[in-house]
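A quick write-up on the structure given underneath.
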Amino acid sequence: MTPAPRSLDPPWVKLVLIALTVVFFVVFIFLPLALVFVQALSKGWDAYVAAWTEPAAVSAIQLTLLTTAVVVPLNSVFGVAAAWLITKYTFRGKTVLVSLLDLPFAVSPVIAGLIFVLVLGNRTPVGAWLDSLGIQVIFAPPGIVLATLFVTFPFVVRELIPLMQSQGREEEEAALTLGARGWQLFFRVTLPNIKWGLLYGMVLCNARAIGEFGAVSVVSGHIRGETNTIPLHVEILYSEYNFTASFAVASILVFIALATLVVKAWLEHRFEKSEKGETP
Amino acid sequence: MKRNVLPGFGLSLGYTVFYLSFVVLIPLFVLLFQPVGLGWEAFWKAATSRRAVSAYGVSFTTALTASLVNFVVGLITSWVLVRYRFPGRRVLDALVDFPFALPTAVAGVCFAVLYSPTGWLGQVLEPLGFHVVNTTTGITLALVFIGFPFVVRTLQPVLADLEKELEESAQSLGADRLQTFVRVIFPAIFPALVTGFTLAFSRGVGEYGSVIFIAGNLPFKTEIAPLIIMAKLDQFDYAGAASVAAVLLAFSFVMLLALNAVQAWANKEPK
């Protein structure tokens, strides 16, 4: 626990700054939060429950769950492999590789969707070939998964690199001289060391995967009950002026966001305890 | 250098390069190749149509304004969260990441309803002459929300590491609080502020979900650049969409390079 710092600021400055911060939080965070629930419940509890038990909502929830269930493990395995490569070895081109990992963060979500339409859309050679095999990627769930993979690509690896960098490779080398081999080394030594950081990255990746809108919107095709994710369903209901249902479905996403923050705070706390002084 | 004996170099290198190529590099490369196939003239025409140029302008100016607002708001918030102790501080601290955790579409519909003429904030602001919905002010507000965590989270650790002794000695040498802030504290945190500003700015330029609901998307007024791409896609004008996207991408890369330069400069700066 950090001790309360003695403040050098005059009391009135302190008061004014705290007041400004609170006002900002009220306008930008607490009011939107309150609005979601007031709107969602404006037609009573039954309408609220009905909004997310109707078939189109259930199918949107299923598709979002399916997408995250594919995306989070894939990007986590990649994150561990890439972080292992970057922090345990020295090789030519490493700095270039590290900066390429960040690339998806610099790209607009709409562009992230667009690139997969350009590669795999029905009018492209690859897309036409897949189509002839009966596989549709764009305007179908595989496209949604791909666009989400791209957008959430850096989250896990970005958390792991600084963590594994600070741990060095002494422990692995020691285990190696003691006779540990290959995967045994990884599962017995490396994984326990990085588990909190890995989980932290996965939580961030998961939050973004559930909530991604722009990229998914491009590749989805917006077929109700088939290719809509939860955020897309919120948009459709909203554009039909069905505000109550739209906010009712949005409230699921708000719960997930708040849960993410709680888990994140808890992991940060764990992290500080296990790695004194190491902040991600 | 000691020979590295750890196993798995080939496997991790192969897998990393394979996955990176298929998920990120090849699709991006195809996008950049698209305008080439179109020919320079057609590319230029699509990328610099009047509507597209006006959309770049809307995206850049609103993202810039929003990041400037966050420069100030983020500084105040980080200062308050790091330096003061008051009830509810931990809750506020955890909620800083709320804009990141909340899906952008939800933020978008919330702002659109809050600031509509009948909304909680709109009915106060409209009679005073502030129109938020369907204006660039609305876009800017949404981008302030989106960019906020970037500035606060880059600034907080730097402020926390700042040595109290430095301020105390400045004060004992006769500097008043304002002088101490301007001469001692501000220069030390400036690189972090610029980093946060740049992150928020580049995120803001590409932002889509939180903006489109409040923007009204009026051509030449409140239409953002990512929306032009969307509109061209709806008309199956793939090459046109790719041309506008290429311009935005080029801009993002410049921002990324600038960010690296800022960070290199910040690391060189004596603490």
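Labels for the structure tokens follow display order: chains A, B, ..., residues from 1 in each chain, ligands from 1.
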
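Excluding B:Leu218 and any residue on its chain fewer than 6 positions from it, the residues at most 12 Å away by only C-alpha atoms are Arg51, Ser54, Ala55, Val58, Val133, Asn134, Thr135, Thr136, Ile212, Ile224, Leu227 and Ile228 of chain B.
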
Serialized selection, C-alpha atoms, as an mmCIF file, in the first residue's frame:
```cif
data_model
loop_
_atom_site.group_PDB
_atom_site.id
_atom_site.type_symbol
_atom_site.label_atom_id
_atom_site.label_comp_id
_atom_site.auth_asym_id
_atom_site.auth_seq_id
_atom_site.Cartn_x
_atom_site.Cartn_y
_atom_site.Cartn_z
ATOM 1 C CA ARG B 51 -15.965 14.643 -49.953
ATOM 2 C CA SER B 54 -13.467 17.229 -46.148
ATOM 3 C CA ALA B 55 -13.776 13.977 -44.172
ATOM 4 C CA VAL B 58 -13.233 16.523 -39.892
ATOM 5 C CA VAL B 133 -25.738 16.125 -31.785
ATOM 6 C CA ASN B 134 -24.929 16.222 -35.525
ATOM 7 C CA THR B 135 -22.037 18.655 -34.980
ATOM 8 C CA THR B 136 -18.272 18.340 -34.769
ATOM 9 C CA ILE B 212 -21.147 7.655 -35.977
ATOM 10 C CA ILE B 224 -15.514 11.217 -40.716
ATOM 11 C CA LEU B 227 -17.256 6.494 -42.785
ATOM 12 C CA ILE B 228 -16.193 7.356 -46.353
#
```

Open item on the list: Can you tell me which residues surround A:Phe213 at a distance of at most 9 Å, considering only C-alpha atoms, apart from same-chain residues fewer than 6 positions away, and format the answer as a ChimeraX atom specification?
Closed with: /A:109-110,229,231-232 /B:103-105,208-209

Output N, CA and C atoms of each residue in that selection to a file, as a CSV table (one decimal), in the first residue's frame.
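Generated file (out-v1.csv):
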```csv
chain,number,residue,atom,x,y,z
A,109,PRO,N,-10.2,0.6,-37.1
A,109,PRO,CA,-11.0,-0.7,-37.1
A,109,PRO,C,-11.7,-0.9,-38.5
A,110,VAL,N,-12.1,0.2,-39.1
A,110,VAL,CA,-12.8,0.0,-40.4
A,110,VAL,C,-11.9,-0.5,-41.4
A,229,THR,N,-23.2,-9.7,-34.1
A,229,THR,CA,-22.6,-9.8,-32.8
A,229,THR,C,-23.4,-8.9,-31.9
A,231,PRO,N,-22.6,-6.1,-30.2
A,231,PRO,CA,-22.5,-4.7,-30.5
A,231,PRO,C,-23.3,-4.3,-31.8
A,232,LEU,N,-23.3,-5.2,-32.8
A,232,LEU,CA,-24.0,-4.9,-34.0
A,232,LEU,C,-25.5,-5.0,-33.8
B,103,PRO,N,-17.6,-1.3,-25.0
B,103,PRO,CA,-17.7,-1.4,-26.5
B,103,PRO,C,-18.0,0.0,-27.1
B,104,THR,N,-17.3,0.4,-28.2
B,104,THR,CA,-17.5,1.7,-28.7
B,104,THR,C,-18.9,2.0,-29.1
B,105,ALA,N,-19.6,1.0,-29.6
B,105,ALA,CA,-21.0,1.2,-30.1
B,105,ALA,C,-21.9,1.6,-28.9
B,208,TYR,N,-14.4,4.9,-35.0
B,208,TYR,CA,-15.7,4.8,-35.8
B,208,TYR,C,-16.9,4.6,-34.9
B,209,GLY,N,-16.9,3.5,-34.1
B,209,GLY,CA,-18.1,3.1,-33.4
B,209,GLY,C,-18.7,4.2,-32.5
```

Open item on the list: Using DSSP secondary structure from the backbone, list all helix (DSSP H, G or I) positions within stretch 70-222 of chain A, as a ChimeraX atom specification.
Closed with: /A:70-88,94-101,103-106,109-120,125-132,141-151,154-167,170-177,182-211,214-220

TODO: Name all residues at most 12 Å from B:Asp93 (count only C-alpha atoms; drop same-chain ones fewer than 4 positions away) and give them as a ChimeraX atom specification.
DONE: /A:21-22,25,261-262,264-265 /B:77-82,84-89,97-98,149,152-153,156

Open item on the list: Using only C-alpha atoms, which protein or nucleic acid residues come within 8 Å of A:Gly225? Drop anything in the same chain fewer than 3 positions from it, and give the result as a PyMOL selection string.
Closed with: chain A and resi 55-57+59-60+228

Selected residues, C-alpha atoms, written as a short mmCIF file (atom, residue, chain, number, x, y, z; two decimals), in the first residue's frame, please.
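Printed below is again_26.cif as written:
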```cif
data_model
loop_
_atom_site.label_atom_id
_atom_site.label_comp_id
_atom_site.auth_asym_id
_atom_site.auth_seq_id
_atom_site.Cartn_x
_atom_site.Cartn_y
_atom_site.Cartn_z
CA PRO A 55 -33.99 -15.19 -30.90
CA ALA A 56 -31.98 -12.47 -32.69
CA ALA A 57 -30.36 -11.39 -29.40
CA SER A 59 -27.98 -15.61 -31.75
CA ALA A 60 -25.91 -12.41 -31.41
CA ASN A 228 -24.75 -10.14 -35.90
#
```

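In this model, the gap between atom CA of A:Val216 and atom CA of A:Ala147 comes to 6.2 Å.
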
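Once A:Val137 and its same-chain neighbours fewer than 4 positions away are set aside, A:Phe116, A:Val117, A:Leu118, A:Val119, A:Leu120, A:Gly121, A:Asn122, A:Thr124, A:Val126, A:Gly127, A:Ala128, A:Trp129, A:Leu130, A:Asp131, A:Ser132, A:Leu133, A:Pro141, A:Pro142, A:Gly143, A:Ile144, A:Val145, A:Leu146, A:Ala147, A:Val219, A:Ser220, A:Gly221, A:Thr227 remain within 12 Å of it when counting only C-alpha atoms.
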
Given the selection you just returned, output its residues as a file containing N, CA and C atoms, formatted as an mmCIF file, in the first residue's frame.
```
data_model
loop_
_atom_site.group_PDB
_atom_site.id
_atom_site.type_symbol
_atom_site.label_atom_id
_atom_site.label_comp_id
_atom_site.auth_asym_id
_atom_site.auth_seq_id
_atom_site.Cartn_x
_atom_site.Cartn_y
_atom_site.Cartn_z
ATOM 1 N N PHE A 116 -9.740 -7.543 -44.976
ATOM 2 C CA PHE A 116 -10.188 -8.927 -45.165
ATOM 3 C C PHE A 116 -11.227 -9.034 -46.274
ATOM 4 N N VAL A 117 -11.984 -7.969 -46.495
ATOM 5 C CA VAL A 117 -12.886 -7.959 -47.653
ATOM 6 C C VAL A 117 -12.057 -7.973 -48.936
ATOM 7 N N LEU A 118 -10.948 -7.218 -48.946
ATOM 8 C CA LEU A 118 -10.102 -7.139 -50.136
ATOM 9 C C LEU A 118 -9.372 -8.445 -50.416
ATOM 10 N N VAL A 119 -9.056 -9.203 -49.360
ATOM 11 C CA VAL A 119 -8.330 -10.457 -49.563
ATOM 12 C C VAL A 119 -9.289 -11.613 -49.846
ATOM 13 N N LEU A 120 -10.396 -11.663 -49.101
ATOM 14 C CA LEU A 120 -11.225 -12.871 -49.120
ATOM 15 C C LEU A 120 -12.652 -12.641 -49.613
ATOM 16 N N GLY A 121 -12.966 -11.421 -50.068
ATOM 17 C CA GLY A 121 -14.303 -11.158 -50.576
ATOM 18 C C GLY A 121 -14.607 -11.996 -51.812
ATOM 19 N N ASN A 122 -15.884 -12.104 -52.173
ATOM 20 C CA ASN A 122 -16.287 -12.959 -53.285
ATOM 21 C C ASN A 122 -15.653 -12.584 -54.615
ATOM 22 N N THR A 124 -12.565 -11.525 -55.102
ATOM 23 C CA THR A 124 -11.124 -11.756 -55.173
ATOM 24 C C THR A 124 -10.878 -13.204 -55.568
ATOM 25 N N VAL A 126 -8.931 -15.514 -54.260
ATOM 26 C CA VAL A 126 -8.981 -16.427 -53.121
ATOM 27 C C VAL A 126 -10.417 -16.628 -52.659
ATOM 28 N N GLY A 127 -11.163 -15.512 -52.594
ATOM 29 C CA GLY A 127 -12.546 -15.593 -52.148
ATOM 30 C C GLY A 127 -13.393 -16.418 -53.091
ATOM 31 N N ALA A 128 -13.170 -16.251 -54.405
ATOM 32 C CA ALA A 128 -13.937 -16.997 -55.398
ATOM 33 C C ALA A 128 -13.632 -18.495 -55.292
ATOM 34 N N TRP A 129 -12.347 -18.793 -55.058
ATOM 35 C CA TRP A 129 -11.947 -20.192 -54.927
ATOM 36 C C TRP A 129 -12.606 -20.814 -53.691
ATOM 37 N N LEU A 130 -12.561 -20.106 -52.557
ATOM 38 C CA LEU A 130 -13.192 -20.606 -51.339
ATOM 39 C C LEU A 130 -14.697 -20.777 -51.549
ATOM 40 N N ASP A 131 -15.276 -19.815 -52.294
ATOM 41 C CA ASP A 131 -16.709 -19.852 -52.562
ATOM 42 C C ASP A 131 -17.080 -21.114 -53.349
ATOM 43 N N SER A 132 -16.189 -21.465 -54.325
ATOM 44 C CA SER A 132 -16.457 -22.658 -55.135
ATOM 45 C C SER A 132 -16.393 -23.918 -54.290
ATOM 46 N N LEU A 133 -15.669 -23.846 -53.167
ATOM 47 C CA LEU A 133 -15.624 -24.984 -52.244
ATOM 48 C C LEU A 133 -16.785 -24.931 -51.253
ATOM 49 N N PRO A 141 -19.522 -15.736 -40.320
ATOM 50 C CA PRO A 141 -18.742 -15.775 -39.074
ATOM 51 C C PRO A 141 -17.219 -15.864 -39.238
ATOM 52 N N PRO A 142 -16.666 -16.640 -40.211
ATOM 53 C CA PRO A 142 -15.197 -16.670 -40.298
ATOM 54 C C PRO A 142 -14.585 -15.273 -40.502
ATOM 55 N N GLY A 143 -15.241 -14.429 -41.279
ATOM 56 C CA GLY A 143 -14.749 -13.072 -41.490
ATOM 57 C C GLY A 143 -14.742 -12.274 -40.195
ATOM 58 N N ILE A 144 -15.796 -12.469 -39.410
ATOM 59 C CA ILE A 144 -15.884 -11.773 -38.120
ATOM 60 C C ILE A 144 -14.736 -12.196 -37.212
ATOM 61 N N VAL A 145 -14.451 -13.504 -37.216
ATOM 62 C CA VAL A 145 -13.345 -14.009 -36.401
ATOM 63 C C VAL A 145 -12.015 -13.407 -36.869
ATOM 64 N N LEU A 146 -11.793 -13.389 -38.188
ATOM 65 C CA LEU A 146 -10.531 -12.862 -38.722
ATOM 66 C C LEU A 146 -10.344 -11.388 -38.367
ATOM 67 N N ALA A 147 -11.391 -10.583 -38.576
ATOM 68 C CA ALA A 147 -11.278 -9.150 -38.287
ATOM 69 C C ALA A 147 -11.015 -8.936 -36.797
ATOM 70 N N VAL A 219 -17.224 -6.584 -42.130
ATOM 71 C CA VAL A 219 -17.226 -7.945 -42.665
ATOM 72 C C VAL A 219 -18.502 -8.730 -42.349
ATOM 73 N N SER A 220 -19.383 -8.139 -41.555
ATOM 74 C CA SER A 220 -20.510 -8.940 -41.073
ATOM 75 C C SER A 220 -21.620 -9.146 -42.079
ATOM 76 N N GLY A 221 -21.967 -8.109 -42.829
ATOM 77 C CA GLY A 221 -23.117 -8.246 -43.716
ATOM 78 C C GLY A 221 -24.438 -8.033 -43.004
ATOM 79 N N THR A 227 -25.344 -13.205 -38.709
ATOM 80 C CA THR A 227 -23.991 -12.650 -38.634
ATOM 81 C C THR A 227 -23.950 -11.386 -37.788
#
```

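Omitting stretch 229-238 of chain B and its sequence neighbours fewer than 2 positions away, and counting only C-alpha atoms, the residues within 9 Å are Val110, Ile111, Leu114, Val117, Leu118 and Val218 of chain A; Gln34, Ala225, Pro226, Leu227, Gly240, Ala241, Ala242, Ser243, Val244 and Ala245 of chain B.
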
Export, as an mmCIF file, in the first residue's frame, the selected residues with N, CA and C atoms.
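As a result, part.cif now contains:
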```cif
data_model
loop_
_atom_site.group_PDB
_atom_site.id
_atom_site.type_symbol
_atom_site.label_atom_id
_atom_site.label_comp_id
_atom_site.auth_asym_id
_atom_site.auth_seq_id
_atom_site.Cartn_x
_atom_site.Cartn_y
_atom_site.Cartn_z
ATOM 1 N N VAL A 110 -12.146 0.180 -39.106
ATOM 2 C CA VAL A 110 -12.823 0.037 -40.399
ATOM 3 C C VAL A 110 -11.854 -0.525 -41.440
ATOM 4 N N ILE A 111 -10.599 -0.057 -41.394
ATOM 5 C CA ILE A 111 -9.585 -0.564 -42.319
ATOM 6 C C ILE A 111 -9.281 -2.022 -42.008
ATOM 7 N N LEU A 114 -11.846 -3.832 -43.736
ATOM 8 C CA LEU A 114 -11.686 -3.680 -45.190
ATOM 9 C C LEU A 114 -10.635 -4.626 -45.762
ATOM 10 N N VAL A 117 -11.984 -7.969 -46.495
ATOM 11 C CA VAL A 117 -12.886 -7.959 -47.653
ATOM 12 C C VAL A 117 -12.057 -7.973 -48.936
ATOM 13 N N LEU A 118 -10.948 -7.218 -48.946
ATOM 14 C CA LEU A 118 -10.102 -7.139 -50.136
ATOM 15 C C LEU A 118 -9.372 -8.445 -50.416
ATOM 16 N N VAL A 218 -17.820 -4.095 -40.903
ATOM 17 C CA VAL A 218 -17.465 -4.165 -42.324
ATOM 18 C C VAL A 218 -17.644 -5.579 -42.873
ATOM 19 N N GLN B 34 -3.821 -2.523 -53.725
ATOM 20 C CA GLN B 34 -5.071 -2.219 -54.417
ATOM 21 C C GLN B 34 -5.020 -0.900 -55.217
ATOM 22 N N ALA B 225 -13.583 10.262 -41.836
ATOM 23 C CA ALA B 225 -12.900 9.511 -42.893
ATOM 24 C C ALA B 225 -13.259 8.012 -42.896
ATOM 25 N N PRO B 226 -13.267 7.339 -41.722
ATOM 26 C CA PRO B 226 -13.627 5.907 -41.775
ATOM 27 C C PRO B 226 -15.020 5.669 -42.380
ATOM 28 N N LEU B 227 -15.914 6.653 -42.240
ATOM 29 C CA LEU B 227 -17.256 6.494 -42.785
ATOM 30 C C LEU B 227 -17.256 6.543 -44.306
ATOM 31 N N GLY B 240 -11.863 2.291 -54.494
ATOM 32 C CA GLY B 240 -12.027 3.619 -53.905
ATOM 33 C C GLY B 240 -11.869 3.575 -52.405
ATOM 34 N N ALA B 241 -12.482 2.558 -51.785
ATOM 35 C CA ALA B 241 -12.359 2.399 -50.338
ATOM 36 C C ALA B 241 -10.901 2.207 -49.957
ATOM 37 N N ALA B 242 -10.197 1.384 -50.756
ATOM 38 C CA ALA B 242 -8.791 1.112 -50.466
ATOM 39 C C ALA B 242 -7.940 2.377 -50.611
ATOM 40 N N SER B 243 -8.308 3.245 -51.564
ATOM 41 C CA SER B 243 -7.530 4.475 -51.762
ATOM 42 C C SER B 243 -7.617 5.370 -50.538
ATOM 43 N N VAL B 244 -8.839 5.580 -50.042
ATOM 44 C CA VAL B 244 -9.013 6.411 -48.850
ATOM 45 C C VAL B 244 -8.312 5.756 -47.652
ATOM 46 N N ALA B 245 -8.444 4.423 -47.565
ATOM 47 C CA ALA B 245 -7.801 3.703 -46.466
ATOM 48 C C ALA B 245 -6.283 3.859 -46.517
#
```

Task: Given only C-alpha atoms as the counted atoms, nearest of B:Trp40, B:Phe111, B:Phe201, B:Phe181 to chain A - done: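 Using only C-alpha atoms, chain A sits closest to B:Phe111.
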
- [ ] For atom CA of A:Trp183 and atom CA of B:Thr16, determine how far apart the two atoms are, in Å to one decimal place.
- [x]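 That distance, rounded to one decimal, is 17.4 Å.
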
Open item on the list: Show me, as a list of chain:residue names, the residues that have an atom within 10 Å of stretch 165-172 of chain B when counting only C-alpha atoms, minus same-chain residues fewer than 3 positions from it.
Closed with: A:Leu8, B:Leu162, B:Ala175, B:Asp176, B:Arg177, B:Gln179, B:Thr180, B:Phe181, B:Arg183, B:Val184, B:Ile185

Can I get the selected residues back with N, CA and C atoms, as a PDB file, in the first residue's frame?
```
ATOM      1  N   LEU A   8       1.825  19.256  -1.235  1.00  0.00           N
ATOM      2  CA  LEU A   8       2.395  20.600  -1.127  1.00  0.00           C
ATOM      3  C   LEU A   8       1.404  21.642  -1.626  1.00  0.00           C
TER       4      LEU A   8
ATOM      5  N   LEU B 162       7.926  10.621  -9.864  1.00  0.00           N
ATOM      6  CA  LEU B 162       8.541  11.944  -9.741  1.00  0.00           C
ATOM      7  C   LEU B 162       8.988  12.154  -8.300  1.00  0.00           C
ATOM      8  N   ALA B 175      10.939  29.029  -4.692  1.00  0.00           N
ATOM      9  CA  ALA B 175       9.958  28.997  -5.782  1.00  0.00           C
ATOM     10  C   ALA B 175       8.563  28.823  -5.190  1.00  0.00           C
ATOM     11  N   ASP B 176       7.563  29.530  -5.727  1.00  0.00           N
ATOM     12  CA  ASP B 176       6.212  29.273  -5.232  1.00  0.00           C
ATOM     13  C   ASP B 176       5.665  28.039  -5.961  1.00  0.00           C
ATOM     14  N   ARG B 177       4.455  27.626  -5.610  1.00  0.00           N
ATOM     15  CA  ARG B 177       3.905  26.370  -6.109  1.00  0.00           C
ATOM     16  C   ARG B 177       3.776  26.383  -7.637  1.00  0.00           C
ATOM     17  N   GLN B 179       5.450  28.256  -9.816  1.00  0.00           N
ATOM     18  CA  GLN B 179       6.783  28.197 -10.430  1.00  0.00           C
ATOM     19  C   GLN B 179       7.328  26.772 -10.396  1.00  0.00           C
ATOM     20  N   THR B 180       7.139  26.109  -9.246  1.00  0.00           N
ATOM     21  CA  THR B 180       7.608  24.730  -9.118  1.00  0.00           C
ATOM     22  C   THR B 180       6.967  23.857 -10.182  1.00  0.00           C
ATOM     23  N   PHE B 181       5.671  24.064 -10.396  1.00  0.00           N
ATOM     24  CA  PHE B 181       4.970  23.253 -11.378  1.00  0.00           C
ATOM     25  C   PHE B 181       5.505  23.520 -12.786  1.00  0.00           C
ATOM     26  N   ARG B 183       8.324  25.022 -13.776  1.00  0.00           N
ATOM     27  CA  ARG B 183       9.752  24.838 -14.017  1.00  0.00           C
ATOM     28  C   ARG B 183      10.265  23.432 -13.700  1.00  0.00           C
ATOM     29  N   VAL B 184       9.652  22.761 -12.733  1.00  0.00           N
ATOM     30  CA  VAL B 184      10.196  21.475 -12.286  1.00  0.00           C
ATOM     31  C   VAL B 184       9.321  20.301 -12.716  1.00  0.00           C
ATOM     32  N   ILE B 185       8.041  20.374 -12.395  1.00  0.00           N
ATOM     33  CA  ILE B 185       7.187  19.208 -12.633  1.00  0.00           C
ATOM     34  C   ILE B 185       6.854  19.053 -14.110  1.00  0.00           C
TER      35      ILE B 185
END
```

Task: B:Leu128, B:Leu92, B:Leu64, B:Ala258 ranked by distance to chain A, top pick (using only C-alpha atoms) - done: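 Closest to chain A, using only C-alpha atoms: B:Leu92.
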
- [ ] Using only C-alpha atoms, find the one residue out of A:Val96, A:Val107, A:Val71, A:Leu199 that sits nearest to chain B.
- [x] A:Val107

- [ ] Point out the residue among B:Val106, B:Leu68, B:Ile139, B:Ala112 with the least atom-to-atom distance to chain A, counting only C-alpha atoms.
- [x]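 Checking each candidate against chain A, we get B:Val106 as the closest.
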
TODO: Measuring atom to atom with only C-alpha atoms, identify which of A:Lys88, A:His222, A:Lys273, A:Lys43 is nearest to chain B.
DONE: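 Closest to chain B of all the choices is A:Lys88.
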
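Using only C-alpha atoms, the nearest neighbour of chain A within the list B:Phe251, B:Tyr115, B:Phe130, B:Phe9 is B:Phe9.
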
TODO: Could you jot down the atom CA of B:Thr195 to atom CA of A:Leu97 separation for me, Å, one decimal place?
DONE: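 Taking atom CA of B:Thr195 as the start and atom CA of A:Leu97 as the end point, the length is 21.3 Å.
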